[in-house]
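This report refers to the structure that appears directly beneath it.
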Amino acid sequence: MEGYQVIHEKSPAFYDNYDRKAEMQHQTHYCPGCGHGIAHKLIAEALTELGLKDRAILVSPVGCSVFAYYYFDVGNVQVAHGRAPAAATALKRSNPDSIVMAYQGDGDLAAIGTAEIIHAANRGENICVFFVNNSVYGMTGGQMAPTTLVGQKSTTSPWGRRAGNEGLPLHVCELLAALETPTYIERVALTDMKNIMKAKKAVKKALQIQKDHGGFSLIELLSPCPTILKMDPVVARKWVSETLAKAFPLGVFRDRKPELPVDAIVPHLTVAEALGVEEDQSNEPVIRRHHHTRDLTVKIAGFGGQGILLMGQLLAEMGLREQMEVSWLPSYGPEMRSGSAHCHVTLSHDRIGTPLISQPEVLIAMNELSLHKFASSVASGGLVLYNGTKLPEGFSAKQARVVCVPVSEIADRLGSAKVANVVMLGALLEETECLPAETAMAVIETMVKNPKMLALDRQAIAAGCDYVDTQIEIGAVSQPDGYSY
Ligand SMILES: Cc1ncc(C[n+]2csc(CCOP(=O)(O)OP(=O)(O)O)c2C)c(N)n1
């Protein structure tokens, strides 16, 4: 047709080049004929056409589409297996102007994530869920999924799925349509041009509903997985349209306003309103601290049983008392005692972006293993407090100042090995002046009721403070240039 031109181009909702990929950055990681690529394209086009790209947040799953964030030039959050609807809920509620999409496979959504999807749908969250059903666990090599058909072979059902043993395939659209709150639920198929166009319409409609504050939508996209099905791409598409779509009928399962008014689902109340208290409208500056406090990131490491996690909790609790922002992130093995344990604590006067600390300003190493393992991660100019009289042979920390405090020995002398962590807390407070020792005692008093233990804790804090003071006086401290603690 004269004057008519078809332009094939990548949607602006995709990056021009997939820089996050290690190699072959011009193409996706999907196998030839995989439906994920088509589903991505439809979402990208719909976002662009609705002008939503700059407000969009894609929550990517575990599964073949784990790298969706390589491709979409939108806000991206990668979540643990099955958790996309929960993360999407948090993202949408905390950023109501954003357009939040959970993208999930059938293993992700209908197996490990069953609870999340049902409850997000039942709450009527104003999010879009794109559910890619290829009838198998693709990424892990073809295990049986909740949507695997009766008789269909997989690596975990080599005899073919048997209804009496593994149950019948789970029909997610039908299941969710039984709830009162979802707004729009449709099943489409990525098989041929006509159905792909229908799928595009459904994806766009779901996004439009969210834009209009309309509530929860889920689009199930039946999708070919030629690699796992061991079919060529054309045959795989035919199998989806002739076999999979027979078991999972296409169509609209819900297209109506929620039966409960949206306001009843998500009341727009401030915390003060909900609690029935008056909000402070004054512009008076908030007095944020009572005492001298200081921002600090600390990693505390040792073995289970040394009170590592408790020391972190004490520190975080102290920060809270001083009206600081705090975070405490524990990490420990399955063993109750003797396994390695560590935690990260952040004390801050500003909001904390992440509780994870990759370069702590202070490392507390309660044993030699932790010293070797973590000393090199300490920020330049930082501090290491080591539980020992001297540094291990051959150990040196170039970027940090190291203070040896034999807290286990000091605790033994005080009469209980249990208070070694409290001695170390005293040493930390004295060395860094991050928080006052009185606050430590105020927190400990709320936890320890036995007067003898309380007296011991008091002595332990004082012993830790005193010990580091004497060390500095006698110069028993390794001290590179440029330290700040
Ligand atoms: C907590 C957890 N359990 C198991 C796995 C292993 N795992 C990775 S992908 C996957 C299945 C994904 O299948 P599906 O959601 O159907 O997506 P597809 O790969 O088929 O697109 C599993 C079980 C994991 N990464 N995390």
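Letters for chains follow the order of the structure tokens (A, B, ...), residue numbers begin at 1 for each chain, and ligand numbers begin at 1 in the order shown.
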
For chain A against ligand 1, with a cut-off of 7 Å and counting only C-alpha atoms and all ligand atoms, what is the closest atom pair and its distance in Å to one decimal for every residue that makes the cut, ordered by chain and number, as a Markdown table?
| residue | atom | partner | partner_atom_place_in_ligand_line | distance |
| --- | --- | --- | --- | --- |
| A:Val62 | CA | ligand 1 | 9 (S) | 5.0 |
| A:Gly63 | CA | ligand 1 | 19 (O) | 3.6 |
| A:Cys64 | CA | ligand 1 | 19 (O) | 3.7 |
| A:Ser65 | CA | ligand 1 | 21 (O) | 5.7 |
| A:Ala80 | CA | ligand 1 | 1 (C) | 6.5 |
| A:His81 | CA | ligand 1 | 26 (N) | 5.1 |
| A:Gln104 | CA | ligand 1 | 15 (O) | 6.1 |
| A:Gly105 | CA | ligand 1 | 15 (O) | 3.4 |
| A:Asp106 | CA | ligand 1 | 16 (O) | 4.0 |
| A:Gly107 | CA | ligand 1 | 15 (O) | 3.4 |
| A:Asp108 | CA | ligand 1 | 15 (O) | 3.6 |
| A:Leu109 | CA | ligand 1 | 15 (O) | 6.4 |
| A:Val132 | CA | ligand 1 | 21 (O) | 7.0 |
| A:Asn133 | CA | ligand 1 | 16 (O) | 6.8 |
| A:Asn134 | CA | ligand 1 | 20 (O) | 6.1 |
| A:Ser135 | CA | ligand 1 | 16 (O) | 6.9 |
| A:Val136 | CA | ligand 1 | 16 (O) | 5.3 |
| A:Tyr137 | CA | ligand 1 | 13 (O) | 3.6 |
| A:Gly138 | CA | ligand 1 | 20 (O) | 3.4 |
| A:Met139 | CA | ligand 1 | 19 (O) | 3.7 |
| A:Thr140 | CA | ligand 1 | 9 (S) | 5.4 |
| A:Ala145 | CA | ligand 1 | 16 (O) | 6.5 |

Next item on the list: Can you pull out every residue within 10 Å of segment 308-322 of chain A, counting only C-alpha atoms, but drop anything in the same chain fewer than 3 positions away, and send it as a PyMOL selection string?
Entry: chain A and resi 288-295+298-305+325-332+340-349+364-366+420-422+424-425+428-429+434-444+447

Checklist line | For segment 173-190 of chain A: contacts at 6 Å, only C-alpha atoms, fewer than 3 positions along chain excluded, given as a PyMOL selection string | finding: chain A and resi 121-122+124+195-196+199+215-223+250-259

Residues just named, written with N, CA, C and O atoms as a CSV table (one decimal), in the first residue's frame:
chain,number,residue,atom,x,y,z
A,121,ALA,N,-4.2,-12.1,45.4
A,121,ALA,CA,-5.4,-12.0,44.6
A,121,ALA,C,-6.6,-11.8,45.6
A,121,ALA,O,-7.5,-11.0,45.3
A,122,ASN,N,-6.6,-12.5,46.7
A,122,ASN,CA,-7.7,-12.4,47.6
A,122,ASN,C,-7.8,-11.0,48.3
A,122,ASN,O,-8.8,-10.5,48.6
A,124,GLY,N,-6.9,-8.4,46.6
A,124,GLY,CA,-7.3,-7.5,45.6
A,124,GLY,C,-6.2,-6.5,45.3
A,124,GLY,O,-6.5,-5.3,45.0
A,195,ASN,N,-3.7,-15.6,18.2
A,195,ASN,CA,-3.7,-15.8,19.7
A,195,ASN,C,-2.7,-14.9,20.4
A,195,ASN,O,-2.9,-14.4,21.5
A,196,ILE,N,-1.6,-14.6,19.7
A,196,ILE,CA,-0.6,-13.7,20.3
A,196,ILE,C,-1.2,-12.3,20.3
A,196,ILE,O,-1.0,-11.6,21.3
A,199,ALA,N,-3.4,-12.2,23.2
A,199,ALA,CA,-2.6,-12.1,24.4
A,199,ALA,C,-2.2,-10.7,24.7
A,199,ALA,O,-2.2,-10.2,25.8
A,215,GLY,N,-7.6,-2.7,40.5
A,215,GLY,CA,-7.4,-3.9,41.3
A,215,GLY,C,-6.6,-5.0,40.6
A,215,GLY,O,-5.8,-4.7,39.7
A,216,PHE,N,-6.8,-6.2,41.1
A,216,PHE,CA,-5.9,-7.3,40.7
A,216,PHE,C,-6.2,-7.9,39.4
A,216,PHE,O,-7.4,-8.3,39.1
A,217,SER,N,-5.2,-8.1,38.5
A,217,SER,CA,-5.4,-8.8,37.3
A,217,SER,C,-4.3,-10.0,37.2
A,217,SER,O,-3.2,-9.8,37.6
A,218,LEU,N,-4.7,-11.0,36.6
A,218,LEU,CA,-3.8,-12.1,36.2
A,218,LEU,C,-4.0,-12.6,34.8
A,218,LEU,O,-5.2,-12.9,34.4
A,219,ILE,N,-3.0,-12.6,34.0
A,219,ILE,CA,-3.0,-13.2,32.7
A,219,ILE,C,-2.2,-14.4,32.6
A,219,ILE,O,-1.0,-14.3,32.9
A,220,GLU,N,-2.8,-15.5,32.3
A,220,GLU,CA,-2.0,-16.8,32.2
A,220,GLU,C,-1.7,-16.9,30.7
A,220,GLU,O,-2.6,-16.9,29.8
A,221,LEU,N,-0.4,-17.1,30.4
A,221,LEU,CA,0.0,-17.2,29.0
A,221,LEU,C,0.5,-18.7,28.8
A,221,LEU,O,1.5,-19.0,29.3
A,222,LEU,N,-0.3,-19.5,28.0
A,222,LEU,CA,0.2,-20.8,27.7
A,222,LEU,C,1.4,-20.7,26.7
A,222,LEU,O,1.3,-19.9,25.8
A,223,SER,N,2.5,-21.4,27.0
A,223,SER,CA,3.7,-21.0,26.4
A,223,SER,C,4.5,-22.2,26.0
A,223,SER,O,4.6,-23.2,26.8
A,250,LEU,N,-8.8,-21.6,27.0
A,250,LEU,CA,-8.6,-20.2,26.9
A,250,LEU,C,-9.9,-19.5,27.2
A,250,LEU,O,-11.0,-20.0,27.0
A,251,GLY,N,-9.7,-18.2,27.6
A,251,GLY,CA,-10.9,-17.4,27.8
A,251,GLY,C,-10.8,-16.5,29.0
A,251,GLY,O,-9.8,-16.5,29.7
A,252,VAL,N,-11.9,-15.7,29.2
A,252,VAL,CA,-11.9,-14.7,30.3
A,252,VAL,C,-12.6,-15.4,31.5
A,252,VAL,O,-13.7,-15.9,31.3
A,253,PHE,N,-12.0,-15.4,32.6
A,253,PHE,CA,-12.6,-16.1,33.8
A,253,PHE,C,-13.1,-15.0,34.8
A,253,PHE,O,-14.0,-15.4,35.6
A,254,ARG,N,-12.7,-13.8,34.6
A,254,ARG,CA,-13.2,-12.7,35.5
A,254,ARG,C,-13.0,-11.4,34.8
A,254,ARG,O,-11.9,-11.2,34.3
A,255,ASP,N,-14.0,-10.6,34.7
A,255,ASP,CA,-13.9,-9.3,34.1
A,255,ASP,C,-14.9,-8.4,34.7
A,255,ASP,O,-16.0,-8.2,34.1
A,256,ARG,N,-14.8,-8.1,35.9
A,256,ARG,CA,-15.8,-7.2,36.5
A,256,ARG,C,-15.1,-6.5,37.7
A,256,ARG,O,-14.0,-6.9,38.1
A,257,LYS,N,-15.8,-5.5,38.1
A,257,LYS,CA,-15.3,-4.8,39.3
A,257,LYS,C,-15.3,-5.7,40.5
A,257,LYS,O,-16.2,-6.6,40.6
A,258,PRO,N,-14.4,-5.5,41.4
A,258,PRO,CA,-14.5,-6.4,42.6
A,258,PRO,C,-15.8,-6.2,43.3
A,258,PRO,O,-16.4,-5.1,43.3
A,259,GLU,N,-16.3,-7.3,44.0
A,259,GLU,CA,-17.5,-7.2,44.7
A,259,GLU,C,-17.5,-6.3,45.9
A,259,GLU,O,-18.4,-5.7,46.4

Next item on the list: For atom CA of Gln25 of chain A and atom CA of Ser11 of chain A, quote the distance in Å rounded to one decimal.
Entry: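 Value for the atom CA of Gln25 of chain A-atom CA of Ser11 of chain A distance: 16.1 Å.
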
Margin query: Among segment 339-374 of chain A, which ones does DSSP assign to helix (DSSP H, G or I) (computed from the backbone)? Answer as an NGL selection string.
Written below: :A and (368-374)

Within 12 Å of Asn165 of chain A, counting only C-alpha atoms, which residues qualify if same-chain residues fewer than 5 places away don't, as a short mmCIF file (atom, residue, chain, number, x, y, z; two decimals) with all heavy atoms, in the first residue's frame?
data_model
loop_
_atom_site.label_atom_id
_atom_site.label_comp_id
_atom_site.auth_asym_id
_atom_site.auth_seq_id
_atom_site.Cartn_x
_atom_site.Cartn_y
_atom_site.Cartn_z
N VAL A 150 -1.90 -34.75 32.77
CA VAL A 150 -1.99 -36.19 33.10
C VAL A 150 -1.40 -36.97 31.92
O VAL A 150 -1.71 -36.69 30.76
CB VAL A 150 -3.46 -36.60 33.35
CG1 VAL A 150 -3.57 -38.11 33.51
CG2 VAL A 150 -3.98 -35.89 34.60
N GLY A 151 -0.50 -37.87 32.25
CA GLY A 151 0.14 -38.67 31.20
C GLY A 151 1.42 -38.04 30.66
O GLY A 151 2.21 -38.71 30.00
N SER A 157 8.41 -37.45 36.69
CA SER A 157 7.27 -38.36 36.46
C SER A 157 7.55 -39.10 35.15
O SER A 157 6.84 -38.93 34.17
CB SER A 157 5.95 -37.59 36.39
OG SER A 157 5.96 -36.65 35.35
N TRP A 159 7.08 -41.94 34.20
CA TRP A 159 5.99 -42.82 33.76
C TRP A 159 4.82 -42.02 33.20
O TRP A 159 3.85 -42.58 32.70
CB TRP A 159 5.49 -43.62 34.98
CG TRP A 159 5.29 -42.71 36.15
CD1 TRP A 159 4.20 -41.96 36.41
CD2 TRP A 159 6.23 -42.41 37.18
NE1 TRP A 159 4.41 -41.19 37.53
CE2 TRP A 159 5.65 -41.45 38.03
CE3 TRP A 159 7.54 -42.85 37.46
CZ2 TRP A 159 6.30 -40.92 39.14
CZ3 TRP A 159 8.18 -42.32 38.57
CH2 TRP A 159 7.57 -41.38 39.40
N GLY A 160 4.89 -40.70 33.31
CA GLY A 160 3.76 -39.84 32.94
C GLY A 160 2.97 -39.49 34.19
O GLY A 160 2.82 -40.34 35.08
#

Item checked: Nearest to Ala206 of chain A by atom-to-atom distance, counting only C-alpha atoms, from A:Cys128, A:Leu296, A:Val277, A:Val172 ->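 Closest to Ala206 of chain A, using only C-alpha atoms: A:Cys128.
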
Next item on the list: Mind listing the strand (DSSP E) residues of segment 42-150 of chain A, per DSSP on the backbone, as number ranges by chain?
Entry: A: 56-60, 75-78, 99-105, 128-133, 136-137, 143-144

Near-Val77 of chain A list (10 Å; only C-alpha atoms; drop same-chain fewer than 6 positions) as a compact mmCIF listing (two decimals) with all heavy atoms, in the first residue's frame:
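Dumped everything to around_28.txt:
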# COMPACT_ATOMS: atom_id res chain seq x y z
N ILE A 57 7.51 -1.21 37.36
CA ILE A 57 8.46 -2.03 38.14
C ILE A 57 8.14 -3.49 37.83
O ILE A 57 7.02 -3.94 38.02
CB ILE A 57 8.32 -1.81 39.66
CG1 ILE A 57 8.48 -0.33 40.03
CG2 ILE A 57 9.34 -2.65 40.42
CD1 ILE A 57 8.25 -0.03 41.51
N LEU A 58 9.15 -4.19 37.32
CA LEU A 58 8.96 -5.60 37.00
C LEU A 58 9.58 -6.45 38.10
O LEU A 58 10.74 -6.26 38.45
CB LEU A 58 9.63 -5.91 35.66
CG LEU A 58 9.45 -7.35 35.18
CD1 LEU A 58 8.04 -7.58 34.69
CD2 LEU A 58 10.43 -7.67 34.07
N VAL A 59 8.78 -7.36 38.63
CA VAL A 59 9.30 -8.25 39.67
C VAL A 59 9.60 -9.58 38.99
O VAL A 59 8.69 -10.30 38.56
CB VAL A 59 8.29 -8.42 40.81
CG1 VAL A 59 8.92 -9.21 41.95
CG2 VAL A 59 7.82 -7.05 41.32
N SER A 60 10.88 -9.91 38.84
CA SER A 60 11.26 -11.13 38.12
C SER A 60 11.40 -12.29 39.07
O SER A 60 11.79 -12.13 40.22
CB SER A 60 12.58 -11.00 37.38
OG SER A 60 12.88 -9.73 37.02
N PRO A 61 11.13 -13.48 38.55
CA PRO A 61 11.05 -14.65 39.41
C PRO A 61 12.33 -15.48 39.40
O PRO A 61 13.34 -15.10 38.82
CB PRO A 61 9.96 -15.44 38.72
CG PRO A 61 10.26 -15.20 37.27
CD PRO A 61 10.81 -13.81 37.16
N ALA A 68 14.92 -11.50 33.51
CA ALA A 68 14.07 -10.52 32.80
C ALA A 68 14.63 -9.11 32.99
O ALA A 68 14.50 -8.26 32.11
CB ALA A 68 12.64 -10.62 33.31
N TYR A 69 15.30 -8.89 34.10
CA TYR A 69 15.84 -7.55 34.36
C TYR A 69 17.02 -7.21 33.45
O TYR A 69 17.47 -6.08 33.41
CB TYR A 69 16.21 -7.38 35.83
CG TYR A 69 17.31 -8.31 36.32
CD1 TYR A 69 18.65 -7.95 36.22
CD2 TYR A 69 17.01 -9.53 36.87
CE1 TYR A 69 19.65 -8.79 36.65
CE2 TYR A 69 18.00 -10.39 37.32
CZ TYR A 69 19.32 -10.01 37.20
OH TYR A 69 20.30 -10.86 37.63
N ALA A 84 7.07 -13.31 44.17
CA ALA A 84 6.78 -12.08 43.41
C ALA A 84 5.52 -11.36 43.86
O ALA A 84 5.53 -10.13 44.02
CB ALA A 84 6.74 -12.38 41.91
N ALA A 87 6.31 -9.44 47.08
CA ALA A 87 7.19 -8.28 46.83
C ALA A 87 6.42 -7.21 46.06
O ALA A 87 6.54 -6.00 46.35
CB ALA A 87 8.42 -8.72 46.04
N ALA A 88 5.61 -7.64 45.09
CA ALA A 88 4.83 -6.68 44.29
C ALA A 88 3.86 -5.91 45.19
O ALA A 88 3.64 -4.71 45.01
CB ALA A 88 4.08 -7.42 43.17
N LEU A 91 5.84 -3.28 46.95
CA LEU A 91 6.27 -2.21 46.04
C LEU A 91 5.10 -1.29 45.70
O LEU A 91 5.22 -0.07 45.70
CB LEU A 91 6.84 -2.82 44.76
CG LEU A 91 8.20 -3.51 44.92
CD1 LEU A 91 8.48 -4.44 43.76
CD2 LEU A 91 9.30 -2.45 45.03
N ALA A 102 4.16 -8.65 38.43
CA ALA A 102 4.84 -9.88 38.85
C ALA A 102 4.85 -10.80 37.64
O ALA A 102 3.81 -11.03 37.03
CB ALA A 102 4.08 -10.52 40.00

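Picture a line from atom CA of Lys418 of chain A to atom CA of Ile357 of chain A; it runs 26.9 Å.
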